[in-house]
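Visitor: Before I ask anything, let me first share the structure, which is written out below as structure tokens.
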Protein chains: 2
Amino acid sequence: MTYRAPVEEMLFVMQELAGIDAVAQLPGHEEAGYDTAAAVLEECARFNEGVVAPLNHPADQSPSSFQDGRVTTSPGFKAAFAQFAAGGWQGLQHPPQFGGQGLPKLIHSACAEMVNSASLSFALCPLLTDGAIEALLTAGSEEQQAAYIPKMIDGSWTGSMNLTEPQAGSDLSLVRTRAEPRADGSWLLFGTKVFITYGEHDLADNIVHLVLARVAGAPEGVKGISLFICPKVLADGTRNDVHCVSIEHKLGIKASPTAVLQYGDHGGAVAYLVGQENHGLEYMFVMMNAARFGVGIQGIALAERAYQQAVAYARERVQSRPADGSLSRAAPIIQHPDVRRMLMTMRAHTEGCRALA
Amino acid sequence: MTYRAPVEEMLFVMQELAGIDAVAQLPGHEEAGYDTAAAVLEECARFNEGVVAPLNHPADQSPSSFQDGRVTTSPGFKAAFAQFAAGGWQGLQHPPQFGGQGLPKLIHSACAEMVNSASLSFALCPLLTDGAIEALLTAGSEEQQAAYIPKMIDGSWTGSMNLTEPQAGSDLSLVRTRAEPRADGSWLLFGTKVFITYGEHDLADNIVHLVLARVAGAPEGVKGISLFICPKVLADGTRNDVHCVSIEHKLGIKASPTAVLQYGDHGGAVAYLVGQENHGLEYMFVMMNAARFGVGIQGIALAERAYQQAVAYARERVQSRPADGSLSRAAPIIQHPDVRRMLMTMRAHTEGCRALA
């Protein structure tokens, strides 16, 4: 089942509802009018329809796999991610000073919908990287921004988000991963993080883990949590002491590796404090909010793909005569009014949500 | 996760709402008062909690498998089905003259809920057999009833229901399987049936397929469909020309084999007309109606099992402090009022549906 990006509907929303030409009046977005949007969306559609969408179903049948601490992603993901990065899609909404395109979120949202429709499993990697970039833009030092953001934007590295521990999910006050200071100002992390999306994979040379941990003597609860950068590979090329020990066996999005990460089992994982001690949750929620918006887009993306598949099936599936007697034999079910009603309801919900996004 | 049959709740419904002692006034149900119900339900609970429920999760991980025309059911299913049959559970609601217990549907419904809660995949086999028995009780000749019903009641044979074809699902007027008359009054069937629940398996010696097919010259549409009995193994012990060519790979109820059956590829599948020609749909709907009631019971059964699992998880999962400040550390989530509210809603819906069933 192929995917056709709803470029026309997206441009309608941008032009008629969101007023993209008004957005282009804003400082820094001078180039981002209707024509730019149309050109970007056309190119994005071509990439996602042609490169990403065909990988989705085979990837579900050949999920990411784990062996000896390494994760091998589904067939074709690595090449597609290289094309994604080379096309500049990771940097679409990020600042030009770090290599991004500096386009408004409005255009990014449409592009994010497309990659999620094409393959949700694939799209999760850029989603988490976007979150890591936004967290560092908000709370990282200039040195940290310079060291990590350009590499994440050009796709040579990706980002991950490490909050949950086996005993701490919704309630992050229970986080136990601990950070010990070192003489040079860096830290060592010790602990276990679970449900880490793209916490280990083979799509990029390095992974920038953003990790919540507690410093000794920190206040109890959520006011004693700090945020750290813990790269999989350190600046000098040595492998850091953060290791994937397993990935989840899931019912869906099987191509997206969901990792259990072990920090510091072999002496401590080198990490760098982001912003101030004990303000970690505040910074992480920048990333969380980016992820939440992204999850909303996922919903629209899946609804769109489901609608397209439903229409295709309704055209193909022959069953029952039309109720109006217009045909003496069974017809494709799209000719039945109740089926059309259901399809139009799906379409109305999807377009309505897109207009709100 | 173990299953505990809600015997007390079931007996409450029978006694307080359904008036089981009034049911026991009906001719043929003299033995079916409260005490009988209580004894049957206790025994049924013991069997399903102890024998069937433990098979469910492993069976999902080791689904029924197909090789060379044969289906091997999940580990333990064969032994459990033998116990099910030996316990008389298949015949619970069926007439004593054919070896059944002759108990009212009221008691049968509670027992059906239990086996479905214990393992929906397992329970589908007796469900289809019940349907086949009811169809033959309604439309079969005395000879057919005598030949097939006792064997299905004692569990040495099972039943299946063959309506759907690749081009005919909701719209049975498109059924193409054809029946050709033979000199001895029997028929030969030719065609393909799909989505046949327990259409092939290793739980019993024989399978009584009830099959919709068209006789040459029959009126078009649903008024030209006849019902046939087509046993997998004929009375003289020869293998009939009905063969399983594959089973579906499903997202759930994986232990229940869903077969594609090929009739007559090697000369014709011997079959026997049930009732009158061209009245097949009418008879099959007896079976369909039994199946529909059974599917309603499945819903209650799954809701009950889901509720029990949710309660167990809510007792075990520790997260967040109680909102009333009664504890200074995180508590099992069952202590949070909103979680209790959700659990009680599940329970109210489940008990409400059971009261209606």
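Going by the structure tokens order, chains are called A, B, ..., each with residues numbered from 1, while ligands are numbered from 1 in the order shown.
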If we count only C-alpha atoms, what is near stretch 336-338 of chain A at a cut-off of 6 Å, once residues fewer than 3 positions away on the same chain are taken out, given as a VMD selection string?
Guide: chain A and resid 322 333 341
Visitor: Please provide the set of residues having any atom within 12 Å of A:Ala168, restricted to only C-alpha atoms, with same-chain residues fewer than 4 positions apart removed, written as a list of chain:residue names.
Guide: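 The residues satisfying every condition are A:Asn162, A:Leu163, A:Thr164, A:Leu172, A:Ser173, A:Leu174, A:Val175, A:Arg176, A:Thr177, A:Thr192, A:Lys193, A:Val194, A:Phe195, A:Leu212, A:Ala213, A:Gly221, A:Val222, B:Arg317, B:Val318, B:Gln319, B:Ser320, B:Ala330.
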Visitor: Using DSSP on the backbone coordinates, identify the residues of stretch 83-324 of chain A assigned to strand (DSSP E or B); present them as a ChimeraX atom specification.
Guide: /A:157-162,165,168,178-181,187-197,206-215,225-231,233,239,242-247,258-263,269-274,318
Visitor: Excluding A:Asn289 and any residue of its chain fewer than 5 positions from it, enumerate the residues within 10 Å of it, using only C-alpha atoms, and give them as a PyMOL selection string.
Guide: chain A and resi 131+134-135+284+294-295
Visitor: Could you write out that same residue set with all heavy atoms as a PDB file, in the first residue's frame?
Guide:
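Writing done, so here's result_25.pdb:
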ATOM      1  N   GLY A 131      14.168  16.755  19.914  1.00  0.00           N
ATOM      2  CA  GLY A 131      13.986  17.083  21.326  1.00  0.00           C
ATOM      3  C   GLY A 131      15.312  17.391  21.999  1.00  0.00           C
ATOM      4  O   GLY A 131      15.425  18.344  22.787  1.00  0.00           O
ATOM      5  N   GLU A 134      16.480  20.800  20.954  1.00  0.00           N
ATOM      6  CA  GLU A 134      15.741  21.883  21.612  1.00  0.00           C
ATOM      7  C   GLU A 134      16.148  22.046  23.073  1.00  0.00           C
ATOM      8  O   GLU A 134      16.253  23.168  23.579  1.00  0.00           O
ATOM      9  CB  GLU A 134      14.230  21.665  21.489  1.00  0.00           C
ATOM     10  CG  GLU A 134      13.792  21.766  20.033  1.00  0.00           C
ATOM     11  CD  GLU A 134      12.308  22.097  19.857  1.00  0.00           C
ATOM     12  OE1 GLU A 134      11.691  22.627  20.798  1.00  0.00           O
ATOM     13  OE2 GLU A 134      11.792  21.822  18.764  1.00  0.00           O
ATOM     14  N   ALA A 135      16.391  20.919  23.750  1.00  0.00           N
ATOM     15  CA  ALA A 135      16.808  21.010  25.155  1.00  0.00           C
ATOM     16  C   ALA A 135      18.161  21.711  25.265  1.00  0.00           C
ATOM     17  O   ALA A 135      18.366  22.562  26.136  1.00  0.00           O
ATOM     18  CB  ALA A 135      16.873  19.618  25.777  1.00  0.00           C
ATOM     19  N   MET A 284      14.450  19.137  30.955  1.00  0.00           N
ATOM     20  CA  MET A 284      13.987  17.961  30.224  1.00  0.00           C
ATOM     21  C   MET A 284      12.581  18.188  29.704  1.00  0.00           C
ATOM     22  O   MET A 284      12.201  17.626  28.677  1.00  0.00           O
ATOM     23  CB  MET A 284      14.037  16.729  31.126  1.00  0.00           C
ATOM     24  CG  MET A 284      13.785  15.420  30.404  1.00  0.00           C
ATOM     25  SD  MET A 284      14.961  15.080  29.047  1.00  0.00           S
ATOM     26  CE  MET A 284      15.942  13.758  29.758  1.00  0.00           C
ATOM     27  N   GLY A 294       5.242  16.373  18.999  1.00  0.00           N
ATOM     28  CA  GLY A 294       5.549  15.356  17.990  1.00  0.00           C
ATOM     29  C   GLY A 294       4.591  14.176  18.043  1.00  0.00           C
ATOM     30  O   GLY A 294       4.206  13.623  17.010  1.00  0.00           O
ATOM     31  N   VAL A 295       4.177  13.801  19.247  1.00  0.00           N
ATOM     32  CA  VAL A 295       3.255  12.674  19.387  1.00  0.00           C
ATOM     33  C   VAL A 295       1.870  13.050  18.847  1.00  0.00           C
ATOM     34  O   VAL A 295       1.175  12.222  18.256  1.00  0.00           O
ATOM     35  CB  VAL A 295       3.203  12.192  20.856  1.00  0.00           C
ATOM     36  CG1 VAL A 295       2.070  11.210  21.080  1.00  0.00           C
ATOM     37  CG2 VAL A 295       4.535  11.542  21.229  1.00  0.00           C
TER      38      VAL A 295
END
Visitor: I'd like the interatomic distance between atom CA of A:Glu42 and atom CA of A:Ser119, to a tenth of an Å.
Guide: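 A separation of 17.9 Å between them.
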Visitor: From stretch 29-209 of chain B, collect each residue whose DSSP state is helix (DSSP H, G or I) and return the set as a PyMOL selection string.
Guide: chain B and resi 34-61+77-86+96-98+105-118+120-139+142-153+172-174
Visitor: Out of B:Ser109, B:Ala310, B:Gly268, B:Gly169, which residue has the shortest atom-to-atom distance to chain A when counting only C-alpha atoms?
Guide: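 Counting only C-alpha atoms, the residue closest to chain A is B:Gly169.
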Visitor: Find the spatial neighbours of stretch 44-59 of chain B, counting only C-alpha atoms, within a cut-off of 9 Å - ignore same-chain residues fewer than 6 positions away - and output them as a PDB file with C-alpha atoms, in the first residue's frame.
Guide:
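Just written: part.pdb:
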ATOM      1  CA  MET B   1      -1.166 -13.852  35.893  1.00  0.00           C
ATOM      2  CA  THR B   2      -3.689 -16.359  37.234  1.00  0.00           C
ATOM      3  CA  TYR B   3      -7.425 -16.275  36.637  1.00  0.00           C
ATOM      4  CA  ARG B   4     -10.007 -16.572  39.384  1.00  0.00           C
ATOM      5  CA  ALA B   5     -13.493 -17.419  38.127  1.00  0.00           C
ATOM      6  CA  PRO B   6     -16.065 -14.972  39.571  1.00  0.00           C
ATOM      7  CA  VAL B   7     -18.313 -17.789  40.797  1.00  0.00           C
ATOM      8  CA  THR B  73      -2.169 -26.931  18.222  1.00  0.00           C
ATOM      9  CA  SER B  74      -0.290 -25.138  20.987  1.00  0.00           C
ATOM     10  CA  PRO B  75       1.402 -27.125  23.774  1.00  0.00           C
ATOM     11  CA  GLY B  76      -1.095 -28.548  26.259  1.00  0.00           C
ATOM     12  CA  PHE B  77      -4.212 -27.886  24.174  1.00  0.00           C
ATOM     13  CA  ALA B  80      -6.748 -29.936  28.053  1.00  0.00           C
ATOM     14  CA  PHE B  81      -9.349 -30.598  25.362  1.00  0.00           C
ATOM     15  CA  GLN B  83     -10.108 -33.224  29.934  1.00  0.00           C
ATOM     16  CA  PHE B  84     -12.723 -30.724  28.749  1.00  0.00           C
ATOM     17  CA  GLY B  87     -15.626 -33.560  32.077  1.00  0.00           C
ATOM     18  CA  TRP B  89     -18.370 -29.604  29.346  1.00  0.00           C
ATOM     19  CA  CYS B 111     -19.322 -21.877  32.102  1.00  0.00           C
ATOM     20  CA  MET B 114     -15.032 -19.076  32.338  1.00  0.00           C
ATOM     21  CA  VAL B 115     -13.425 -21.010  29.501  1.00  0.00           C
ATOM     22  CA  SER B 117     -11.639 -15.906  30.257  1.00  0.00           C
ATOM     23  CA  ALA B 118      -9.185 -18.740  30.746  1.00  0.00           C
ATOM     24  CA  SER B 119      -8.208 -18.876  27.057  1.00  0.00           C
ATOM     25  CA  LEU B 120     -10.176 -17.380  24.196  1.00  0.00           C
ATOM     26  CA  SER B 121      -8.075 -19.330  21.699  1.00  0.00           C
ATOM     27  CA  PHE B 122      -8.966 -22.604  23.385  1.00  0.00           C
ATOM     28  CA  ILE B 253      -5.847 -15.500  19.431  1.00  0.00           C
ATOM     29  CA  LYS B 254      -2.873 -17.053  17.705  1.00  0.00           C
ATOM     30  CA  ALA B 255      -3.385 -20.452  19.268  1.00  0.00           C
TER      31      ALA B 255
END
Visitor: Which residues are near B:Phe228? Cut-off 6 Å, only C-alpha atoms, ignore same chain within fewer than 3 positions. Put them as number ranges by chain.
Guide: B: 210-211, 271-274
Visitor: Would you mind exporting the chosen residues as a compact mmCIF listing (two decimals), in the first residue's frame, restricted to C-alpha atoms?
Guide:
# COMPACT_ATOMS: atom_id res chain seq x y z
CA LEU B 210 -20.92 -27.56 8.00
CA VAL B 211 -20.56 -26.00 4.56
CA ALA B 271 -21.04 -34.36 1.67
CA TYR B 272 -24.60 -34.79 2.89
CA LEU B 273 -27.40 -32.30 2.41
CA VAL B 274 -28.87 -30.88 5.62
Visitor: Restricting the calculation to only C-alpha atoms: of B:Leu327, B:Val40, B:Ile297, B:Ser62, which residue gets closest to B:Gly252?
Guide: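 Under the stated criterion, the closest residue is B:Ser62.
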Visitor: My list of candidates is B:Pro219, B:Gly28, B:Pro166, B:Gly267. Which is closest to chain A when distances are computed with only C-alpha atoms?
Guide: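 Using only C-alpha atoms, chain A sits closest to B:Pro166.
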Visitor: Leaving out A:Asp35 and any residue of its chain fewer than 2 positions from it, which residues lie within 12 Å of it when counting only C-alpha atoms, given as a list of chain:residue names?
Guide: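 Close residues of A:Asp35: A:Leu11, A:Met14, A:Gln15, A:Ile20, A:Asp21, A:Ala24, A:Glu30, A:Glu31, A:Ala32, A:Gly33, A:Ala37, A:Ala38, A:Ala39, A:Val40, A:Leu41, A:Glu42, A:Ile107.
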Visitor: Would you mind telling me which residue in B:Ser170, B:Gln61, B:Gln308, B:Thr72 lies nearest to chain A when using only C-alpha atoms?
Guide: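 Of all the options, B:Ser170 lies closest to chain A.
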Visitor: May I ask for the distance between atom CA of A:Ala323 and atom CA of B:Ile225, given in Å to one decimal place?
Guide: 21.4 Å
Visitor: Applying 10 Å and only C-alpha atoms, which residues near B:Gln97 remain after dropping the ones on its own chain fewer than 3 positions away? List them as a PyMOL selection string.
Guide: chain B and resi 94+100-102+146+149-150
Visitor: Write the selection just made, keeping N, CA, C and O atoms, as an mmCIF file, in the first residue's frame?
Guide:
data_model
loop_
_atom_site.group_PDB
_atom_site.id
_atom_site.type_symbol
_atom_site.label_atom_id
_atom_site.label_comp_id
_atom_site.auth_asym_id
_atom_site.auth_seq_id
_atom_site.Cartn_x
_atom_site.Cartn_y
_atom_site.Cartn_z
ATOM 1 N N HIS B 94 -26.672 -29.476 26.018
ATOM 2 C CA HIS B 94 -27.292 -30.251 24.945
ATOM 3 C C HIS B 94 -28.119 -31.411 25.501
ATOM 4 O O HIS B 94 -27.949 -31.818 26.642
ATOM 5 N N GLY B 100 -25.767 -35.390 26.297
ATOM 6 C CA GLY B 100 -25.552 -34.097 26.956
ATOM 7 C C GLY B 100 -26.079 -34.083 28.376
ATOM 8 O O GLY B 100 -26.667 -35.058 28.854
ATOM 9 N N GLN B 101 -25.850 -32.958 29.061
ATOM 10 C CA GLN B 101 -26.306 -32.817 30.446
ATOM 11 C C GLN B 101 -27.696 -32.189 30.521
ATOM 12 O O GLN B 101 -28.311 -32.193 31.586
ATOM 13 N N GLY B 102 -28.131 -31.564 29.446
ATOM 14 C CA GLY B 102 -29.457 -30.958 29.432
ATOM 15 C C GLY B 102 -29.641 -29.802 30.398
ATOM 16 O O GLY B 102 -30.751 -29.506 30.821
ATOM 17 N N ALA B 146 -28.105 -38.614 14.927
ATOM 18 C CA ALA B 146 -27.557 -39.782 15.631
ATOM 19 C C ALA B 146 -26.099 -40.024 15.248
ATOM 20 O O ALA B 146 -25.283 -40.458 16.066
ATOM 21 N N ILE B 149 -24.083 -35.912 16.367
ATOM 22 C CA ILE B 149 -24.176 -35.143 17.614
ATOM 23 C C ILE B 149 -23.505 -35.842 18.809
ATOM 24 O O ILE B 149 -22.724 -35.204 19.525
ATOM 25 N N PRO B 150 -23.756 -37.144 19.025
ATOM 26 C CA PRO B 150 -23.104 -37.767 20.200
ATOM 27 C C PRO B 150 -21.576 -37.680 20.148
ATOM 28 O O PRO B 150 -20.930 -37.439 21.165
#
Visitor: One decimal, Å: what's the distance from atom CA of B:Ala204 over to atom CA of B:Ala139, could you say?
Guide: 24.0 Å
Visitor: In terms of the shortest atom-to-atom distance over only C-alpha atoms, which of A:His279, A:His349, A:Arg182, A:Lys232 is closest to A:Val208?
Guide: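 For A:Val208, the nearest of the given residues is A:Lys232.
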